[in-house]
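Heads up, coords-v8.pdb below (PDB, C-alpha atoms, pLDDT in the B column):
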ATOM      1  CA  MET A  20      42.948  42.404  20.765  1.00 91.00           C
ATOM      2  CA  ALA A  21      44.376  43.945  23.910  1.00 95.00           C
ATOM      3  CA  VAL A  22      46.146  43.114  27.166  1.00 97.00           C
ATOM      4  CA  LEU A  23      45.097  44.949  30.335  1.00 97.00           C
ATOM      5  CA  ILE A  24      47.542  45.055  33.261  1.00 97.00           C
ATOM      6  CA  GLU A  25      47.983  46.837  36.583  1.00 97.00           C
ATOM      7  CA  LEU A  26      51.682  47.601  37.102  1.00 98.00           C
ATOM      8  CA  VAL A  27      51.389  47.408  40.888  1.00 97.00           C
ATOM      9  CA  GLN A  28      48.847  44.882  42.116  1.00 92.00           C
ATOM     10  CA  GLY A  29      46.905  47.038  44.584  1.00 90.00           C
ATOM     11  CA  GLU A  30      44.166  44.748  45.869  1.00 90.00           C
ATOM     12  CA  GLY A  31      46.392  41.780  45.093  1.00 91.00           C
ATOM     13  CA  GLY A  32      49.012  42.688  47.700  1.00 94.00           C
ATOM     14  CA  VAL A  33      50.810  45.894  46.605  1.00 96.00           C
ATOM     15  CA  GLU A  34      53.093  43.818  44.391  1.00 94.00           C
ATOM     16  CA  PRO A  35      54.925  45.624  41.565  1.00 96.00           C
ATOM     17  CA  PHE A  36      55.585  43.716  38.373  1.00 96.00           C
ATOM     18  CA  ASP A  37      59.211  43.299  37.337  1.00 97.00           C
ATOM     19  CA  LYS A  38      60.233  46.267  35.165  1.00 97.00           C
ATOM     20  CA  HIS A  39      62.187  44.224  32.617  1.00 98.00           C
ATOM     21  CA  GLU A  40      59.340  41.728  32.190  1.00 98.00           C
ATOM     22  CA  VAL A  41      56.834  44.539  31.636  1.00 98.00           C
ATOM     23  CA  GLN A  42      59.101  46.116  29.023  1.00 98.00           C
ATOM     24  CA  GLN A  43      59.417  42.749  27.275  1.00 98.00           C
ATOM     25  CA  LEU A  44      55.629  42.402  27.287  1.00 98.00           C
ATOM     26  CA  ALA A  45      55.173  45.891  25.847  1.00 98.00           C
ATOM     27  CA  GLU A  46      57.683  45.142  23.091  1.00 98.00           C
ATOM     28  CA  TYR A  47      55.997  41.835  22.245  1.00 98.00           C
ATOM     29  CA  LEU A  48      52.535  43.404  22.073  1.00 98.00           C
ATOM     30  CA  LYS A  49      53.749  46.231  19.866  1.00 96.00           C
ATOM     31  CA  LYS A  50      55.444  43.764  17.532  1.00 97.00           C
ATOM     32  CA  HIS A  51      52.232  41.745  17.175  1.00 97.00           C
ATOM     33  CA  GLN A  52      49.962  44.814  16.968  1.00 95.00           C
ATOM     34  CA  ILE A  53      48.135  44.013  20.199  1.00 97.00           C
ATOM     35  CA  LEU A  54      47.013  46.964  22.308  1.00 96.00           C
ATOM     36  CA  LEU A  55      48.494  47.500  25.771  1.00 98.00           C
ATOM     37  CA  ILE A  56      46.077  48.958  28.320  1.00 97.00           C
ATOM     38  CA  VAL A  57      47.451  49.979  31.720  1.00 98.00           C
ATOM     39  CA  ASP A  58      45.098  50.416  34.657  1.00 97.00           C
ATOM     40  CA  GLU A  59      46.467  53.413  36.588  1.00 97.00           C
ATOM     41  CA  VAL A  60      43.373  53.944  38.744  1.00 95.00           C
ATOM     42  CA  GLN A  61      45.452  53.316  41.883  1.00 95.00           C
ATOM     43  CA  THR A  62      48.985  53.921  40.621  1.00 97.00           C
ATOM     44  CA  GLY A  63      48.364  57.132  38.664  1.00 97.00           C
ATOM     45  CA  VAL A  64      48.524  60.814  39.657  1.00 97.00           C
ATOM     46  CA  TYR A  65      51.910  60.636  41.470  1.00 97.00           C
ATOM     47  CA  ARG A  66      50.963  57.691  43.745  1.00 97.00           C
ATOM     48  CA  THR A  67      54.065  55.708  42.762  1.00 96.00           C
ATOM     49  CA  GLY A  68      56.409  58.691  42.400  1.00 94.00           C
ATOM     50  CA  LYS A  69      55.850  59.752  38.814  1.00 96.00           C
ATOM     51  CA  PHE A  70      52.597  61.108  37.413  1.00 97.00           C
ATOM     52  CA  LEU A  71      52.091  57.637  35.918  1.00 98.00           C
ATOM     53  CA  ALA A  72      53.598  54.331  36.978  1.00 98.00           C
ATOM     54  CA  SER A  73      54.041  53.706  33.251  1.00 98.00           C
ATOM     55  CA  GLN A  74      56.743  56.378  33.333  1.00 97.00           C
ATOM     56  CA  LEU A  75      58.634  54.467  36.025  1.00 97.00           C
ATOM     57  CA  TYR A  76      58.468  51.363  33.857  1.00 98.00           C
ATOM     58  CA  GLU A  77      59.519  53.385  30.793  1.00 98.00           C
ATOM     59  CA  ILE A  78      56.720  52.085  28.575  1.00 98.00           C
ATOM     60  CA  GLU A  79      54.159  53.837  26.363  1.00 96.00           C
ATOM     61  CA  PRO A  80      50.754  52.128  26.690  1.00 97.00           C
ATOM     62  CA  ASP A  81      48.138  52.519  23.987  1.00 96.00           C
ATOM     63  CA  ILE A  82      45.440  53.262  26.581  1.00 95.00           C
ATOM     64  CA  ILE A  83      45.650  54.394  30.225  1.00 97.00           C
ATOM     65  CA  THR A  84      42.792  54.566  32.716  1.00 95.00           C
ATOM     66  CA  LEU A  85      42.710  57.029  35.625  1.00 94.00           C
ATOM     67  CA  ALA A  86      40.315  57.698  38.517  1.00 92.00           C
ATOM     68  CA  LYS A  87      40.417  57.982  42.340  1.00 89.00           C
ATOM     69  CA  GLY A  88      43.407  60.256  42.953  1.00 92.00           C
ATOM     70  CA  LEU A  89      42.536  62.377  39.940  1.00 94.00           C
ATOM     71  CA  GLY A  90      39.514  63.850  41.719  1.00 92.00           C
ATOM     72  CA  GLY A  91      40.899  64.127  45.251  1.00 90.00           C
ATOM     73  CA  GLY A  92      37.832  62.368  46.639  1.00 89.00           C
ATOM     74  CA  VAL A  93      35.341  63.600  44.054  1.00 91.00           C
ATOM     75  CA  PRO A  94      34.131  60.801  41.710  1.00 90.00           C
ATOM     76  CA  ILE A  95      35.862  61.035  38.344  1.00 90.00           C
ATOM     77  CA  GLY A  96      37.325  58.744  35.742  1.00 89.00           C
ATOM     78  CA  ALA A  97      39.377  59.325  32.613  1.00 89.00           C
ATOM     79  CA  VAL A  98      40.715  57.350  29.680  1.00 89.00           C
ATOM     80  CA  MET A  99      43.826  58.518  27.863  1.00 91.00           C
ATOM     81  CA  THR A 100      44.904  57.087  24.534  1.00 91.00           C
ATOM     82  CA  ARG A 101      47.311  57.822  21.731  1.00 88.00           C
ATOM     83  CA  LEU A 102      44.780  56.330  19.310  1.00 89.00           C
ATOM     84  CA  LYS A 103      43.179  59.556  18.107  1.00 82.00           C
ATOM     85  CA  ASP A 104      40.466  57.952  15.978  1.00 82.00           C
ATOM     86  CA  ILE A 105      39.288  55.345  18.499  1.00 77.00           C
ATOM     87  CA  PHE A 106      36.134  57.341  19.370  1.00 77.00           C
ATOM     88  CA  VAL A 107      33.806  59.584  17.405  1.00 80.00           C
ATOM     89  CA  PRO A 108      31.108  61.851  18.898  1.00 76.00           C
ATOM     90  CA  GLY A 109      28.248  59.745  20.281  1.00 76.00           C
ATOM     91  CA  ASP A 110      30.303  56.562  20.831  1.00 76.00           C
ATOM     92  CA  HIS A 111      30.626  56.971  24.564  1.00 72.00           C
ATOM     93  CA  GLY A 112      28.265  58.157  27.287  1.00 72.00           C
ATOM     94  CA  SER A 113      28.723  58.351  31.044  1.00 73.00           C
ATOM     95  CA  THR A 114      26.616  59.233  34.074  1.00 71.00           C
ATOM     96  CA  PHE A 115      29.402  61.288  35.681  1.00 65.00           C
ATOM     97  CA  GLY A 116      31.611  62.006  32.698  1.00 67.00           C
ATOM     98  CA  GLY A 117      32.558  65.606  32.026  1.00 72.00           C
ATOM     99  CA  ASN A 118      30.440  67.300  34.702  1.00 85.00           C
ATOM    100  CA  PHE A 119      31.658  70.648  35.976  1.00 89.00           C
ATOM    101  CA  LEU A 120      32.243  69.617  39.615  1.00 91.00           C
ATOM    102  CA  SER A 121      34.383  66.567  38.796  1.00 90.00           C
ATOM    103  CA  THR A 122      36.437  68.233  36.103  1.00 91.00           C
ATOM    104  CA  ARG A 123      37.014  71.367  38.213  1.00 94.00           C
ATOM    105  CA  ALA A 124      38.136  69.164  41.123  1.00 94.00           C
ATOM    106  CA  GLY A 125      40.427  67.205  38.822  1.00 94.00           C
ATOM    107  CA  LEU A 126      42.079  70.345  37.473  1.00 96.00           C
ATOM    108  CA  SER A 127      42.608  71.678  40.996  1.00 97.00           C
ATOM    109  CA  VAL A 128      44.140  68.395  42.149  1.00 97.00           C
ATOM    110  CA  LEU A 129      46.517  68.397  39.191  1.00 97.00           C
ATOM    111  CA  ASP A 130      47.548  72.010  39.844  1.00 97.00           C
ATOM    112  CA  ILE A 131      48.275  71.312  43.517  1.00 97.00           C
ATOM    113  CA  LEU A 132      50.147  68.054  42.985  1.00 97.00           C
ATOM    114  CA  GLU A 133      52.155  69.397  40.055  1.00 97.00           C
ATOM    115  CA  GLU A 134      53.366  72.227  42.268  1.00 97.00           C
ATOM    116  CA  GLN A 135      54.146  69.809  45.105  1.00 96.00           C
ATOM    117  CA  ASP A 136      56.061  67.593  42.686  1.00 97.00           C
ATOM    118  CA  GLU A 137      58.071  70.458  41.213  1.00 97.00           C
ATOM    119  CA  GLN A 138      59.029  71.586  44.712  1.00 97.00           C
ATOM    120  CA  GLY A 139      60.191  68.057  45.555  1.00 97.00           C
ATOM    121  CA  LYS A 140      57.691  67.691  48.390  1.00 97.00           C
ATOM    122  CA  ILE A 141      56.136  64.471  47.095  1.00 97.00           C
ATOM    123  CA  ALA A 142      59.557  62.856  46.647  1.00 97.00           C
ATOM    124  CA  GLN A 143      60.586  63.947  50.152  1.00 97.00           C
ATOM    125  CA  ALA A 144      57.421  62.498  51.667  1.00 97.00           C
ATOM    126  CA  GLN A 145      57.925  59.223  49.816  1.00 97.00           C
ATOM    127  CA  LEU A 146      61.524  58.889  50.948  1.00 97.00           C
ATOM    128  CA  TYR A 147      60.699  59.730  54.563  1.00 98.00           C
ATOM    129  CA  PHE A 148      57.736  57.335  54.609  1.00 98.00           C
ATOM    130  CA  GLU A 149      59.894  54.565  53.138  1.00 97.00           C
ATOM    131  CA  GLU A 150      62.548  55.115  55.824  1.00 97.00           C
ATOM    132  CA  LYS A 151      59.929  54.849  58.576  1.00 97.00           C
ATOM    133  CA  LEU A 152      58.416  51.735  57.016  1.00 97.00           C
ATOM    134  CA  SER A 153      61.838  50.115  56.655  1.00 96.00           C
ATOM    135  CA  ALA A 154      62.534  50.768  60.344  1.00 97.00           C
ATOM    136  CA  ILE A 155      59.272  49.046  61.275  1.00 97.00           C
ATOM    137  CA  MET A 156      60.134  46.123  59.013  1.00 96.00           C
ATOM    138  CA  ALA A 157      63.568  45.737  60.613  1.00 96.00           C
ATOM    139  CA  GLN A 158      62.183  45.845  64.147  1.00 97.00           C
ATOM    140  CA  TYR A 159      59.149  43.611  63.748  1.00 98.00           C
ATOM    141  CA  THR A 160      60.431  40.662  61.730  1.00 97.00           C
ATOM    142  CA  SER A 161      58.296  38.360  63.864  1.00 97.00           C
ATOM    143  CA  LEU A 162      55.213  39.973  62.318  1.00 98.00           C
ATOM    144  CA  PHE A 163      56.323  40.910  58.799  1.00 98.00           C
ATOM    145  CA  ASP A 164      58.238  39.158  56.065  1.00 96.00           C
ATOM    146  CA  ARG A 165      59.091  42.089  53.762  1.00 95.00           C
ATOM    147  CA  ALA A 166      58.125  45.563  52.625  1.00 96.00           C
ATOM    148  CA  VAL A 167      56.578  45.979  49.171  1.00 96.00           C
ATOM    149  CA  GLY A 168      55.291  48.693  46.866  1.00 97.00           C
ATOM    150  CA  LEU A 169      56.404  51.928  45.228  1.00 96.00           C
ATOM    151  CA  GLY A 170      56.175  55.617  46.121  1.00 96.00           C
ATOM    152  CA  LEU A 171      53.321  56.181  48.564  1.00 97.00           C
ATOM    153  CA  MET A 172      51.642  52.918  47.617  1.00 97.00           C
ATOM    154  CA  ARG A 173      53.236  50.650  50.199  1.00 97.00           C
ATOM    155  CA  GLY A 174      52.670  47.460  52.093  1.00 97.00           C
ATOM    156  CA  LEU A 175      54.087  45.156  54.728  1.00 98.00           C
ATOM    157  CA  ARG A 176      53.768  41.460  53.979  1.00 97.00           C
ATOM    158  CA  ALA A 177      52.553  39.854  57.207  1.00 98.00           C
ATOM    159  CA  ARG A 178      53.694  36.363  58.172  1.00 96.00           C
ATOM    160  CA  ASP A 179      50.144  35.038  57.676  1.00 97.00           C
ATOM    161  CA  SER A 180      46.541  36.172  57.318  1.00 97.00           C
ATOM    162  CA  GLN A 181      45.921  35.914  61.064  1.00 97.00           C
ATOM    163  CA  THR A 182      48.775  38.338  61.729  1.00 98.00           C
ATOM    164  CA  GLN A 183      47.418  40.643  59.031  1.00 98.00           C
ATOM    165  CA  SER A 184      43.987  40.740  60.691  1.00 97.00           C
ATOM    166  CA  ALA A 185      45.473  41.335  64.137  1.00 98.00           C
ATOM    167  CA  VAL A 186      47.599  44.224  62.855  1.00 98.00           C
ATOM    168  CA  LEU A 187      44.629  45.851  61.109  1.00 98.00           C
ATOM    169  CA  ASP A 188      42.483  45.649  64.260  1.00 98.00           C
ATOM    170  CA  ALA A 189      45.232  46.946  66.554  1.00 98.00           C
ATOM    171  CA  ALA A 190      46.062  49.826  64.210  1.00 98.00           C
ATOM    172  CA  PHE A 191      42.405  50.836  63.987  1.00 97.00           C
ATOM    173  CA  ASP A 192      42.168  50.884  67.793  1.00 97.00           C
ATOM    174  CA  ALA A 193      45.252  53.141  67.823  1.00 97.00           C
ATOM    175  CA  GLY A 194      43.644  55.584  65.395  1.00 96.00           C
ATOM    176  CA  VAL A 195      45.558  54.530  62.277  1.00 96.00           C
ATOM    177  CA  ILE A 196      43.673  53.277  59.242  1.00 95.00           C
ATOM    178  CA  VAL A 197      45.623  50.724  57.249  1.00 96.00           C
ATOM    179  CA  LEU A 198      44.077  48.438  54.670  1.00 96.00           C
ATOM    180  CA  LYS A 199      43.916  44.779  53.804  1.00 96.00           C
ATOM    181  CA  ALA A 200      45.445  43.735  50.485  1.00 96.00           C
ATOM    182  CA  GLY A 201      45.878  40.240  49.130  1.00 94.00           C
ATOM    183  CA  ARG A 202      45.980  37.332  51.531  1.00 95.00           C
ATOM    184  CA  ASN A 203      48.429  38.789  54.032  1.00 97.00           C
ATOM    185  CA  THR A 204      49.497  42.346  53.160  1.00 98.00           C
ATOM    186  CA  VAL A 205      48.966  45.422  55.349  1.00 98.00           C
ATOM    187  CA  ARG A 206      48.581  48.299  52.903  1.00 97.00           C
ATOM    188  CA  PHE A 207      49.480  51.975  53.383  1.00 98.00           C
ATOM    189  CA  LEU A 208      48.027  54.675  51.105  1.00 96.00           C
ATOM    190  CA  PRO A 209      48.763  58.016  52.792  1.00 96.00           C
ATOM    191  CA  SER A 210      47.793  61.351  51.313  1.00 95.00           C
ATOM    192  CA  LEU A 211      50.300  62.605  48.743  1.00 96.00           C
ATOM    193  CA  THR A 212      50.400  65.929  50.623  1.00 95.00           C
ATOM    194  CA  ILE A 213      51.191  64.267  53.959  1.00 96.00           C
ATOM    195  CA  THR A 214      53.732  66.119  56.143  1.00 96.00           C
ATOM    196  CA  GLN A 215      56.690  64.664  58.029  1.00 97.00           C
ATOM    197  CA  ALA A 216      54.947  65.502  61.315  1.00 98.00           C
ATOM    198  CA  GLU A 217      51.894  63.522  60.197  1.00 98.00           C
ATOM    199  CA  ILE A 218      54.086  60.601  59.127  1.00 98.00           C
ATOM    200  CA  ASP A 219      55.805  60.666  62.524  1.00 98.00           C
ATOM    201  CA  GLU A 220      52.466  60.673  64.359  1.00 98.00           C
ATOM    202  CA  GLY A 221      51.116  57.857  62.227  1.00 97.00           C
ATOM    203  CA  PHE A 222      54.104  55.601  62.815  1.00 98.00           C
ATOM    204  CA  ILE A 223      54.175  56.355  66.554  1.00 98.00           C
ATOM    205  CA  ARG A 224      50.581  55.129  66.740  1.00 98.00           C
ATOM    206  CA  PHE A 225      51.264  52.200  64.432  1.00 98.00           C
ATOM    207  CA  GLU A 226      54.225  51.068  66.533  1.00 97.00           C
ATOM    208  CA  LYS A 227      52.148  51.304  69.703  1.00 97.00           C
ATOM    209  CA  ALA A 228      49.583  49.084  68.008  1.00 98.00           C
ATOM    210  CA  LEU A 229      52.241  46.528  67.071  1.00 98.00           C
ATOM    211  CA  ASN A 230      53.531  46.444  70.629  1.00 97.00           C
ATOM    212  CA  THR A 231      50.139  45.190  71.804  1.00 96.00           C
ATOM    213  CA  LEU A 232      50.435  42.030  69.700  1.00 95.00           C
TER     214      LEU A 232
END

What is this structure when it is put down as structure tokens?
Amino acid sequence: MAVLIELVQGEGGVEPFDKHEVQQLAEYLKKHQILLIVDEVQTGVYRTGKFLASQLYEIEPDIITLAKGLGGGVPIGAVMTRLKDIFVPGDHGSTFGGNFLSTRAGLSVLDILEEQDEQGKIAQAQLYFEEKLSAIMAQYTSLFDRAVGLGLMRGLRARDSQTQSAVLDAAFDAGVIVLKAGRNTVRFLPSLTITQAEIDEGFIRFEKALNTL
């Protein structure tokens, strides 16, 4: 038996689970010998601030899945587990698994982001982006209810789905790509190597878009 969870609901509205509740769940599952699987396809590889969102929640899953950010745009997926005997040779096959291009890209991405993290650049970008997003939230309360998310996985909860759609269309016309998440969330997933100048430019355009509504 196993429980599979996503610590921050990406497609569901960029909604993080409560840390204490997740820790209680992990403790319960461990006590009853039920595996905990954490889907880190969106939250992993520094997207939420740490290499894994599981680290932010201070839990140790039995199995973790990774993809997307691991390859920097090149298709790749990975499964990590502390269960050393779960597979034996021949158990698992994959169309893309283990090919040279994907694995080389993944190693390069990890090298670059590890260096960025050690230099504090990812943390600086996250803090600066959060400040800009908070300023938008404070100024446009007629459009948005609250800011949500962690790290550089962020969202603004629009007042309703019609507002969400209008914001997405206006932002696209202004040259800013933001995404739909859940019923009424405008989602932001900037590059982890984004600069302050790029953040400034993006929010200038985003604010111009909002002023047309």

Selection result for the PyMOL selection byres ((chain A and resi 122-129) around 12) on this file, as a VMD selection string: chain A and resid 63 to 65 70 85 to 97 115 to 121 130 to 137 211 to 212

Expected residue set, 12 Å radius at (47.2, 49.2, 26.4), all atoms listed in the file, as a PyMOL selection string: chain A and resi 20-26+41+44-46+48-49+52-59+73+78-84+98-102

Determine the residue set returned by the PyMOL selection byres ((chain A and resi 164) around 12) for the present structure, and present it as a short mmCIF file (atom, residue, chain, number, x, y, z; two decimals) with C-alpha atoms, in the frame of the given file.
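Produced file out_37.cif, reproduced below:
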data_model
loop_
_atom_site.label_atom_id
_atom_site.label_comp_id
_atom_site.auth_asym_id
_atom_site.auth_seq_id
_atom_site.Cartn_x
_atom_site.Cartn_y
_atom_site.Cartn_z
CA SER A 153 61.84 50.12 56.66
CA ILE A 155 59.27 49.05 61.28
CA MET A 156 60.13 46.12 59.01
CA ALA A 157 63.57 45.74 60.61
CA GLN A 158 62.18 45.84 64.15
CA TYR A 159 59.15 43.61 63.75
CA THR A 160 60.43 40.66 61.73
CA SER A 161 58.30 38.36 63.86
CA LEU A 162 55.21 39.97 62.32
CA PHE A 163 56.32 40.91 58.80
CA ARG A 165 59.09 42.09 53.76
CA ALA A 166 58.12 45.56 52.62
CA VAL A 167 56.58 45.98 49.17
CA GLY A 174 52.67 47.46 52.09
CA LEU A 175 54.09 45.16 54.73
CA ARG A 176 53.77 41.46 53.98
CA ALA A 177 52.55 39.85 57.21
CA ARG A 178 53.69 36.36 58.17
CA ASP A 179 50.14 35.04 57.68
CA THR A 182 48.78 38.34 61.73
CA GLN A 183 47.42 40.64 59.03
CA ASN A 203 48.43 38.79 54.03
CA THR A 204 49.50 42.35 53.16
CA VAL A 205 48.97 45.42 55.35
#

For atom CA of A:Gly168 and atom CA of A:Pro35, the interatomic separation in Å (one decimal): 6.1 Å

Quick one: residues within 6 Å of A:Ala72, all atoms listed in the file counted, chain neighbours fewer than 3 positions away excluded, as an mmCIF file with C-alpha atoms, keeping the file's coordinate frame?
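Saved as result_5.cif:
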data_model
loop_
_atom_site.group_PDB
_atom_site.id
_atom_site.type_symbol
_atom_site.label_atom_id
_atom_site.label_comp_id
_atom_site.auth_asym_id
_atom_site.auth_seq_id
_atom_site.Cartn_x
_atom_site.Cartn_y
_atom_site.Cartn_z
ATOM 1 C CA THR A 62 48.985 53.921 40.621
ATOM 2 C CA THR A 67 54.065 55.708 42.762
ATOM 3 C CA LEU A 75 58.634 54.467 36.025
#

Nearest to A:Ala216, chosen from A:Arg173, A:Ala144, A:Gly112, A:Leu198, with only C-alpha atoms counted in the distances: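 Among the listed residues, A:Ala144 lies closest to A:Ala216.
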
Atom-to-atom span, atom CA of A:Gln143 and atom CA of A:Phe225, Å: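 These two atoms are separated by 20.7 Å.
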
Written as a PDB file with C-alpha atoms, in the coordinates of the input, what is the full residue list that the PyMOL selection byres ((chain A and resi 215) around 12) yields on the file shown?
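Done, and the output landed in out_29.pdb:
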ATOM      1  CA  LYS A 140      57.691  67.691  48.390  1.00 97.00           C
ATOM      2  CA  ILE A 141      56.136  64.471  47.095  1.00 97.00           C
ATOM      3  CA  ALA A 142      59.557  62.856  46.647  1.00 97.00           C
ATOM      4  CA  GLN A 143      60.586  63.947  50.152  1.00 97.00           C
ATOM      5  CA  ALA A 144      57.421  62.498  51.667  1.00 97.00           C
ATOM      6  CA  GLN A 145      57.925  59.223  49.816  1.00 97.00           C
ATOM      7  CA  LEU A 146      61.524  58.889  50.948  1.00 97.00           C
ATOM      8  CA  TYR A 147      60.699  59.730  54.563  1.00 98.00           C
ATOM      9  CA  PHE A 148      57.736  57.335  54.609  1.00 98.00           C
ATOM     10  CA  GLU A 149      59.894  54.565  53.138  1.00 97.00           C
ATOM     11  CA  GLU A 150      62.548  55.115  55.824  1.00 97.00           C
ATOM     12  CA  LYS A 151      59.929  54.849  58.576  1.00 97.00           C
ATOM     13  CA  PRO A 209      48.763  58.016  52.792  1.00 96.00           C
ATOM     14  CA  SER A 210      47.793  61.351  51.313  1.00 95.00           C
ATOM     15  CA  LEU A 211      50.300  62.605  48.743  1.00 96.00           C
ATOM     16  CA  THR A 212      50.400  65.929  50.623  1.00 95.00           C
ATOM     17  CA  ILE A 213      51.191  64.267  53.959  1.00 96.00           C
ATOM     18  CA  THR A 214      53.732  66.119  56.143  1.00 96.00           C
ATOM     19  CA  ALA A 216      54.947  65.502  61.315  1.00 98.00           C
ATOM     20  CA  GLU A 217      51.894  63.522  60.197  1.00 98.00           C
ATOM     21  CA  ILE A 218      54.086  60.601  59.127  1.00 98.00           C
ATOM     22  CA  ASP A 219      55.805  60.666  62.524  1.00 98.00           C
ATOM     23  CA  GLU A 220      52.466  60.673  64.359  1.00 98.00           C
ATOM     24  CA  GLY A 221      51.116  57.857  62.227  1.00 97.00           C
ATOM     25  CA  PHE A 222      54.104  55.601  62.815  1.00 98.00           C
TER      26      PHE A 222
END

Separation of atom CA of A:Glu226 from atom CA of A:Ala154 in Å: 10.4 Å
